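Below: the structure, in structure tokens.
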Amino acid sequence: MSGGEGAPVLPPVTWRWHRWDQLDRDQVYAILKARVDIFVVEQTCPYPEIDGKDPTAWHLLGYDGHPGDGVLLAYARLFAPGDYYDEPAVGRVLTTAAARGRGIGRLLMAECHRFAEAKFATPAVRLNGQAYLKAFYETLGYAAVKGPYDEDGIPHYEMLRSAP
């Protein structure tokens, strides 16, 4: 897909939603590896990445090709209303180093919003985003409702998207 002359051509991404018990071992490994690579190693933030919340969440995996033979490019987890906040809540949002700068983060968030609205009948979504991403989330319709606050040594904002 291209946005005109000079716009980057985005790679095709195959999106798949899974409950925790639907993930196979290779998918779990890819998810945990990406999360640790980015949130623990890259951001030099030793924190309890495996937080016990994965069994409750929906997991979105974005592949460059078909699941099973594609490479994981992006990931997020989504909680139903009441599991984390009153609204659906998205977290552990990431694009791998190889996928950054190509608009995949926007596609990932758009898929989270689409799924949340279809599954939970609300456009509202809440997240806790790192402060350096605040402007990015604002372009997606989020507004800060709390913060900045420290979470594991990194400034964060609690943000809400109440309508598209």
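A note on labels: chains of the structure tokens are A, B, ... as shown, every chain counts residues from 1, and ligands are counted from 1 in their shown order.
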Exercise for the section: Once DSSP has gone over the backbone, tell me which residues of region 55-136 of chain A are in strand (DSSP E), as JSON, numbers by chain. Expected result: {"A": [58, 59, 60, 61, 62, 63, 72, 73, 74, 75, 76, 77, 78, 79, 89, 90, 91, 92, 93, 94, 95, 125, 126, 127, 128, 129, 130]}
Practice task
Considering only C-alpha atoms, return as number ranges by chain whatever protein or nucleic-acid residues lie within 6 Å of His59 (chain A), sequence-local ones (same chain, fewer than 6 positions apart) excluded.
Solution key: A: 17-18, 77
Practice task
List the neighbours of region 24-33 of chain A out to 9 Å using only C-alpha atoms; skip same-chain residues closer than 2 positions along the sequence, and give me the result as number ranges by chain.
Solution key: A: 20-22, 35-38, 49-50, 61, 68, 71-72, 75
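Nearest residue to Glu117 (chain A) among A:Leu94, A:Ala131, A:Ala163, A:Leu140 is A:Ala163, counting only C-alpha atoms.
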Problem - In region 15-161 of chain A, DSSP alpha helix (DSSP H) residues written as a VMD selection string - result: chain A and resid 25 to 35 104 to 120 134 to 139
Problem - Neighbour list for region 154-160 of chain A as a PyMOL selection string, cut-off 7 Å, only C-alpha atoms, skip fewer than 6 positions in-chain - result: chain A and resi 125-131+142-148
For N, CA and C atoms, I'd like the residues from the last selection saved as an mmCIF file, in the first residue's frame.
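result_8.cif, written as the output of this step:
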```cif
data_model
loop_
_atom_site.group_PDB
_atom_site.id
_atom_site.type_symbol
_atom_site.label_atom_id
_atom_site.label_comp_id
_atom_site.auth_asym_id
_atom_site.auth_seq_id
_atom_site.Cartn_x
_atom_site.Cartn_y
_atom_site.Cartn_z
ATOM 1 N N VAL A 125 -10.452 2.672 24.236
ATOM 2 C CA VAL A 125 -9.318 1.806 24.550
ATOM 3 C C VAL A 125 -8.387 2.604 25.455
ATOM 4 N N ARG A 126 -7.872 1.937 26.478
ATOM 5 C CA ARG A 126 -6.944 2.584 27.420
ATOM 6 C C ARG A 126 -5.586 1.892 27.306
ATOM 7 N N LEU A 127 -4.531 2.640 27.559
ATOM 8 C CA LEU A 127 -3.190 2.070 27.568
ATOM 9 C C LEU A 127 -2.293 2.855 28.511
ATOM 10 N N ASN A 128 -1.197 2.223 28.891
ATOM 11 C CA ASN A 128 -0.132 2.866 29.649
ATOM 12 C C ASN A 128 1.063 2.915 28.713
ATOM 13 N N GLY A 129 1.328 4.095 28.165
ATOM 14 C CA GLY A 129 2.375 4.227 27.159
ATOM 15 C C GLY A 129 3.601 4.934 27.677
ATOM 16 N N GLN A 130 4.738 4.531 27.166
ATOM 17 C CA GLN A 130 5.975 5.213 27.512
ATOM 18 C C GLN A 130 5.913 6.649 27.023
ATOM 19 N N ALA A 131 6.481 7.549 27.824
ATOM 20 C CA ALA A 131 6.370 8.985 27.553
ATOM 21 C C ALA A 131 6.892 9.361 26.177
ATOM 22 N N TYR A 142 -5.619 9.231 21.203
ATOM 23 C CA TYR A 142 -5.480 9.072 22.650
ATOM 24 C C TYR A 142 -5.202 10.418 23.305
ATOM 25 N N ALA A 143 -5.627 10.542 24.546
ATOM 26 C CA ALA A 143 -5.327 11.717 25.365
ATOM 27 C C ALA A 143 -4.822 11.218 26.720
ATOM 28 N N ALA A 144 -3.830 11.904 27.239
ATOM 29 C CA ALA A 144 -3.286 11.542 28.548
ATOM 30 C C ALA A 144 -4.322 11.841 29.624
ATOM 31 N N VAL A 145 -4.545 10.878 30.509
ATOM 32 C CA VAL A 145 -5.472 11.066 31.629
ATOM 33 C C VAL A 145 -4.739 10.980 32.966
ATOM 34 N N LYS A 146 -3.475 10.569 32.921
ATOM 35 C CA LYS A 146 -2.660 10.492 34.132
ATOM 36 C C LYS A 146 -1.197 10.511 33.726
ATOM 37 N N GLY A 147 -0.397 11.214 34.489
ATOM 38 C CA GLY A 147 1.034 11.165 34.259
ATOM 39 C C GLY A 147 1.637 12.508 33.958
ATOM 40 N N PRO A 148 2.923 12.486 33.804
ATOM 41 C CA PRO A 148 3.768 11.294 33.726
ATOM 42 C C PRO A 148 3.989 10.679 35.102
#
```
